[in-house]
Amino acid sequence: MMAFYVVAVAVLLIIIGAAGVVLRRNPLIILMSIELMLNGANLILVTVDRVSNTLDGTLFATMLIGIAAAEVAVGLAMVVRIFRDEPVADVDDYHTLNG
Amino acid sequence: MDVNGPIIGVIENVVIGFFGFTAIIGALILVLQKNPVRAALGLLLSMVSIGMLFLAEGASFVGFVQLMIYAGAIVILFLFAVMHFPLGRQKRPRLPHMDAIGFLGVVVLGITMLINLALIFQSKLLASGFAPRLHPNIEVKNIGLRFMDDWIYPFELISVLLLVGVIAAVYITRGPGHLKNPGGDE
């Protein structure tokens, strides 16, 4: 029963993270919401792994943490770079894609 | 050393219930706060709670990795990035129909995932509870052996990905113009 509770928490985290990505306009908060969704996926992986008593979910979750670290480094670099050219913290104002 | 006694099970359930609740609270703070610093602290609360959930489930290795990498490194990186940003300068009104479309999308996603959750509950896939926990030394040893055995290619590819990520982050932040005059800082 506790395993189902944890999976329900993870599903709620993913839904809240998706709401943050879609409804918020600050690019930093959008990145943080993506991290939250990744963590919800991680939580489901580890929980199902602990119930089924294999190690594959834990291994996958460990690698997902590494991928998330790389993703957040590149994402924050992009946000800081965009902000240097256009000092507005609002994704609706970012309308240029030229390199 | 016995790590699976009956008292441990009760403590485990209380800890899982509490930190599941605080994980949701942290996520709500992240999405609802206007101030980005408070949003980052909400993310920190959520990350620490998820790490505690990992530990309570008996996945001690990934729990400590979560606490170190997410709560220790990524949230601090976000807090440093927040300092580059101005507060409360969102003056242009949003396109009026975009919020409604986004909200509809979130509602559809939420309903779909909750239906899936109900199907999982009905199928009793998770009703058996957690497997008995291993001693952390044995767990970490097993994880290391698996990483060096049949997960060796994904494990090595992660290192390549991290290297590419570091190079990309430095290149994107400094901009392409810096490559043409090496040694010249600005």
# chains A, B, ... in the order shown; residues from 1 in each chain; ligands from 1

call {"tool": "interface_residues", "arguments": {"of": "chain B", "to": "chain A", "cutoff": "6 Å", "atoms": "only C-alpha atoms", "output": "short mmCIF file (atom, residue, chain, number, x, y, z; two decimals) with N, CA and C atoms, in the first residue's frame"}}
result
data_model
loop_
_atom_site.label_atom_id
_atom_site.label_comp_id
_atom_site.auth_asym_id
_atom_site.auth_seq_id
_atom_site.Cartn_x
_atom_site.Cartn_y
_atom_site.Cartn_z
N VAL B 31 5.57 25.91 -7.98
CA VAL B 31 4.74 26.36 -9.10
C VAL B 31 4.00 27.64 -8.75
N GLY B 102 -2.91 25.96 -22.42
CA GLY B 102 -2.00 25.26 -21.53
C GLY B 102 -2.71 24.58 -20.39
N VAL B 106 -2.77 20.57 -19.45
CA VAL B 106 -2.42 20.00 -18.15
C VAL B 106 -3.57 19.15 -17.60
N GLY B 110 -3.30 15.32 -16.70
CA GLY B 110 -3.60 14.88 -15.35
C GLY B 110 -4.65 13.78 -15.33
N LEU B 126 1.29 -3.27 -7.17
CA LEU B 126 2.18 -2.77 -6.13
C LEU B 126 1.72 -3.18 -4.75
N ALA B 127 0.74 -4.10 -4.67
CA ALA B 127 0.15 -4.42 -3.36
C ALA B 127 1.07 -5.27 -2.51
N GLY B 129 4.02 -4.74 -1.53
CA GLY B 129 4.91 -4.01 -0.63
C GLY B 129 6.37 -4.13 -1.04
N PHE B 130 7.20 -3.45 -0.26
CA PHE B 130 8.61 -3.39 -0.62
C PHE B 130 9.31 -4.71 -0.29
N ALA B 131 10.32 -5.01 -1.09
CA ALA B 131 11.14 -6.18 -0.81
C ALA B 131 11.99 -5.91 0.43
N LEU B 162 28.17 13.83 -20.09
CA LEU B 162 28.54 14.88 -19.14
C LEU B 162 29.66 15.75 -19.69
N GLY B 165 28.17 17.98 -22.18
CA GLY B 165 27.38 18.99 -21.49
C GLY B 165 28.25 20.10 -20.93
N ALA B 169 28.00 23.90 -22.16
CA ALA B 169 27.64 24.96 -21.21
C ALA B 169 28.64 26.10 -21.27
N THR B 173 27.65 29.82 -22.77
CA THR B 173 27.69 30.96 -21.87
C THR B 173 28.65 32.03 -22.37
#

call {"tool": "closest_atom_pairs", "arguments": {"of": "segment 41-108 of chain B", "to": "segment 135-149 of chain B", "cutoff": "12 Å", "atoms": "only C-alpha atoms", "output": "CSV"}}
result
residue,atom,partner,partner_atom,distance
B:Leu55,CA,B:Pro136,CA,10.3
B:Gly58,CA,B:Pro136,CA,8.5
B:Ala59,CA,B:Glu139,CA,8.1
B:Ser60,CA,B:Pro136,CA,6.4
B:Phe61,CA,B:Val140,CA,6.2
B:Val62,CA,B:Val140,CA,9.4
B:Gly63,CA,B:Pro136,CA,11.2
B:Phe64,CA,B:Pro136,CA,11.1
B:Val65,CA,B:Val140,CA,11.5

call {"tool": "select_by_dssp", "arguments": {"residues": "chain A", "states": "helix (DSSP H, G or I)", "output": "ChimeraX atom specification"}}
result
/A:2-23,27-52,56-85,91-93

call {"tool": "write_last_selection", "arguments": {"atoms": "C-alpha atoms", "output": "PDB file, in the first residue's frame"}}
result
ATOM      1  CA  MET A   2       2.864   2.378   0.779  1.00  0.00           C
ATOM      2  CA  ALA A   3       4.351   1.601  -2.628  1.00  0.00           C
ATOM      3  CA  PHE A   4       1.140   2.738  -4.290  1.00  0.00           C
ATOM      4  CA  TYR A   5       1.145   5.883  -2.141  1.00  0.00           C
ATOM      5  CA  VAL A   6       4.662   6.739  -3.316  1.00  0.00           C
ATOM      6  CA  VAL A   7       3.705   6.165  -6.954  1.00  0.00           C
ATOM      7  CA  ALA A   8       0.672   8.427  -6.453  1.00  0.00           C
ATOM      8  CA  VAL A   9       2.974  11.122  -5.011  1.00  0.00           C
ATOM      9  CA  ALA A  10       5.234  10.744  -8.058  1.00  0.00           C
ATOM     10  CA  VAL A  11       2.273  11.092 -10.445  1.00  0.00           C
ATOM     11  CA  LEU A  12       1.151  14.243  -8.622  1.00  0.00           C
ATOM     12  CA  LEU A  13       4.693  15.631  -8.867  1.00  0.00           C
ATOM     13  CA  ILE A  14       4.702  15.021 -12.627  1.00  0.00           C
ATOM     14  CA  ILE A  15       1.306  16.714 -13.050  1.00  0.00           C
ATOM     15  CA  ILE A  16       2.372  19.720 -10.930  1.00  0.00           C
ATOM     16  CA  GLY A  17       5.637  19.954 -12.875  1.00  0.00           C
ATOM     17  CA  ALA A  18       3.769  19.904 -16.190  1.00  0.00           C
ATOM     18  CA  ALA A  19       1.504  22.675 -14.918  1.00  0.00           C
ATOM     19  CA  GLY A  20       4.585  24.695 -13.975  1.00  0.00           C
ATOM     20  CA  VAL A  21       6.133  24.212 -17.429  1.00  0.00           C
ATOM     21  CA  VAL A  22       2.975  25.250 -19.240  1.00  0.00           C
ATOM     22  CA  LEU A  23       1.578  27.981 -17.014  1.00  0.00           C
ATOM     23  CA  PRO A  27      12.434  30.452 -17.764  1.00  0.00           C
ATOM     24  CA  LEU A  28      14.167  29.434 -14.516  1.00  0.00           C
ATOM     25  CA  ILE A  29      10.944  28.182 -12.991  1.00  0.00           C
ATOM     26  CA  ILE A  30      10.195  26.286 -16.208  1.00  0.00           C
ATOM     27  CA  LEU A  31      13.598  24.555 -15.896  1.00  0.00           C
ATOM     28  CA  MET A  32      12.923  23.768 -12.239  1.00  0.00           C
ATOM     29  CA  SER A  33       9.542  22.274 -13.155  1.00  0.00           C
ATOM     30  CA  ILE A  34      11.271  20.036 -15.707  1.00  0.00           C
ATOM     31  CA  GLU A  35      13.574  18.872 -12.903  1.00  0.00           C
ATOM     32  CA  LEU A  36      10.509  18.141 -10.793  1.00  0.00           C
ATOM     33  CA  MET A  37       9.000  15.983 -13.547  1.00  0.00           C
ATOM     34  CA  LEU A  38      12.294  14.094 -13.942  1.00  0.00           C
ATOM     35  CA  ASN A  39      12.275  13.474 -10.206  1.00  0.00           C
ATOM     36  CA  GLY A  40       8.741  12.131 -10.353  1.00  0.00           C
ATOM     37  CA  ALA A  41       9.850   9.661 -13.020  1.00  0.00           C
ATOM     38  CA  ASN A  42      12.845   8.753 -10.855  1.00  0.00           C
ATOM     39  CA  LEU A  43      10.576   8.099  -7.887  1.00  0.00           C
ATOM     40  CA  ILE A  44       8.380   5.731  -9.914  1.00  0.00           C
ATOM     41  CA  LEU A  45      11.461   3.871 -11.215  1.00  0.00           C
ATOM     42  CA  VAL A  46      12.967   3.354  -7.775  1.00  0.00           C
ATOM     43  CA  THR A  47       9.656   2.414  -6.142  1.00  0.00           C
ATOM     44  CA  VAL A  48       8.761  -0.226  -8.724  1.00  0.00           C
ATOM     45  CA  ASP A  49      12.347  -1.436  -8.519  1.00  0.00           C
ATOM     46  CA  ARG A  50      12.090  -1.853  -4.741  1.00  0.00           C
ATOM     47  CA  VAL A  51       8.782  -3.733  -5.079  1.00  0.00           C
ATOM     48  CA  SER A  52      10.016  -6.067  -7.802  1.00  0.00           C
ATOM     49  CA  ASP A  56      17.512  -2.207 -12.884  1.00  0.00           C
ATOM     50  CA  GLY A  57      15.290   0.673 -11.759  1.00  0.00           C
ATOM     51  CA  THR A  58      17.922   1.919  -9.337  1.00  0.00           C
ATOM     52  CA  LEU A  59      20.598   1.777 -12.024  1.00  0.00           C
ATOM     53  CA  PHE A  60      18.343   3.613 -14.464  1.00  0.00           C
ATOM     54  CA  ALA A  61      17.496   6.230 -11.837  1.00  0.00           C
ATOM     55  CA  THR A  62      21.182   6.801 -11.112  1.00  0.00           C
ATOM     56  CA  MET A  63      21.854   7.404 -14.791  1.00  0.00           C
ATOM     57  CA  LEU A  64      18.795   9.648 -15.025  1.00  0.00           C
ATOM     58  CA  ILE A  65      20.308  11.831 -12.283  1.00  0.00           C
ATOM     59  CA  GLY A  66      23.468  12.158 -14.399  1.00  0.00           C
ATOM     60  CA  ILE A  67      21.431  13.060 -17.478  1.00  0.00           C
ATOM     61  CA  ALA A  68      19.481  15.635 -15.462  1.00  0.00           C
ATOM     62  CA  ALA A  69      22.741  17.208 -14.268  1.00  0.00           C
ATOM     63  CA  ALA A  70      23.955  17.612 -17.868  1.00  0.00           C
ATOM     64  CA  GLU A  71      20.551  18.919 -18.921  1.00  0.00           C
ATOM     65  CA  VAL A  72      20.428  21.533 -16.188  1.00  0.00           C
ATOM     66  CA  ALA A  73      23.972  22.727 -16.992  1.00  0.00           C
ATOM     67  CA  VAL A  74      23.153  23.267 -20.672  1.00  0.00           C
ATOM     68  CA  GLY A  75      19.696  24.693 -19.918  1.00  0.00           C
ATOM     69  CA  LEU A  76      20.967  27.223 -17.403  1.00  0.00           C
ATOM     70  CA  ALA A  77      23.767  28.231 -19.782  1.00  0.00           C
ATOM     71  CA  MET A  78      21.190  28.860 -22.510  1.00  0.00           C
ATOM     72  CA  VAL A  79      18.954  30.857 -20.173  1.00  0.00           C
ATOM     73  CA  VAL A  80      21.833  33.016 -18.906  1.00  0.00           C
ATOM     74  CA  ARG A  81      23.040  33.615 -22.479  1.00  0.00           C
ATOM     75  CA  ILE A  82      19.571  34.582 -23.724  1.00  0.00           C
ATOM     76  CA  PHE A  83      19.135  36.837 -20.709  1.00  0.00           C
ATOM     77  CA  ARG A  84      22.383  38.652 -21.513  1.00  0.00           C
ATOM     78  CA  ASP A  85      21.040  39.686 -24.937  1.00  0.00           C
ATOM     79  CA  VAL A  91       9.587  33.410 -22.104  1.00  0.00           C
ATOM     80  CA  ASP A  92       6.899  35.271 -24.067  1.00  0.00           C
ATOM     81  CA  ASP A  93       9.452  37.974 -24.855  1.00  0.00           C
TER      82      ASP A  93
END
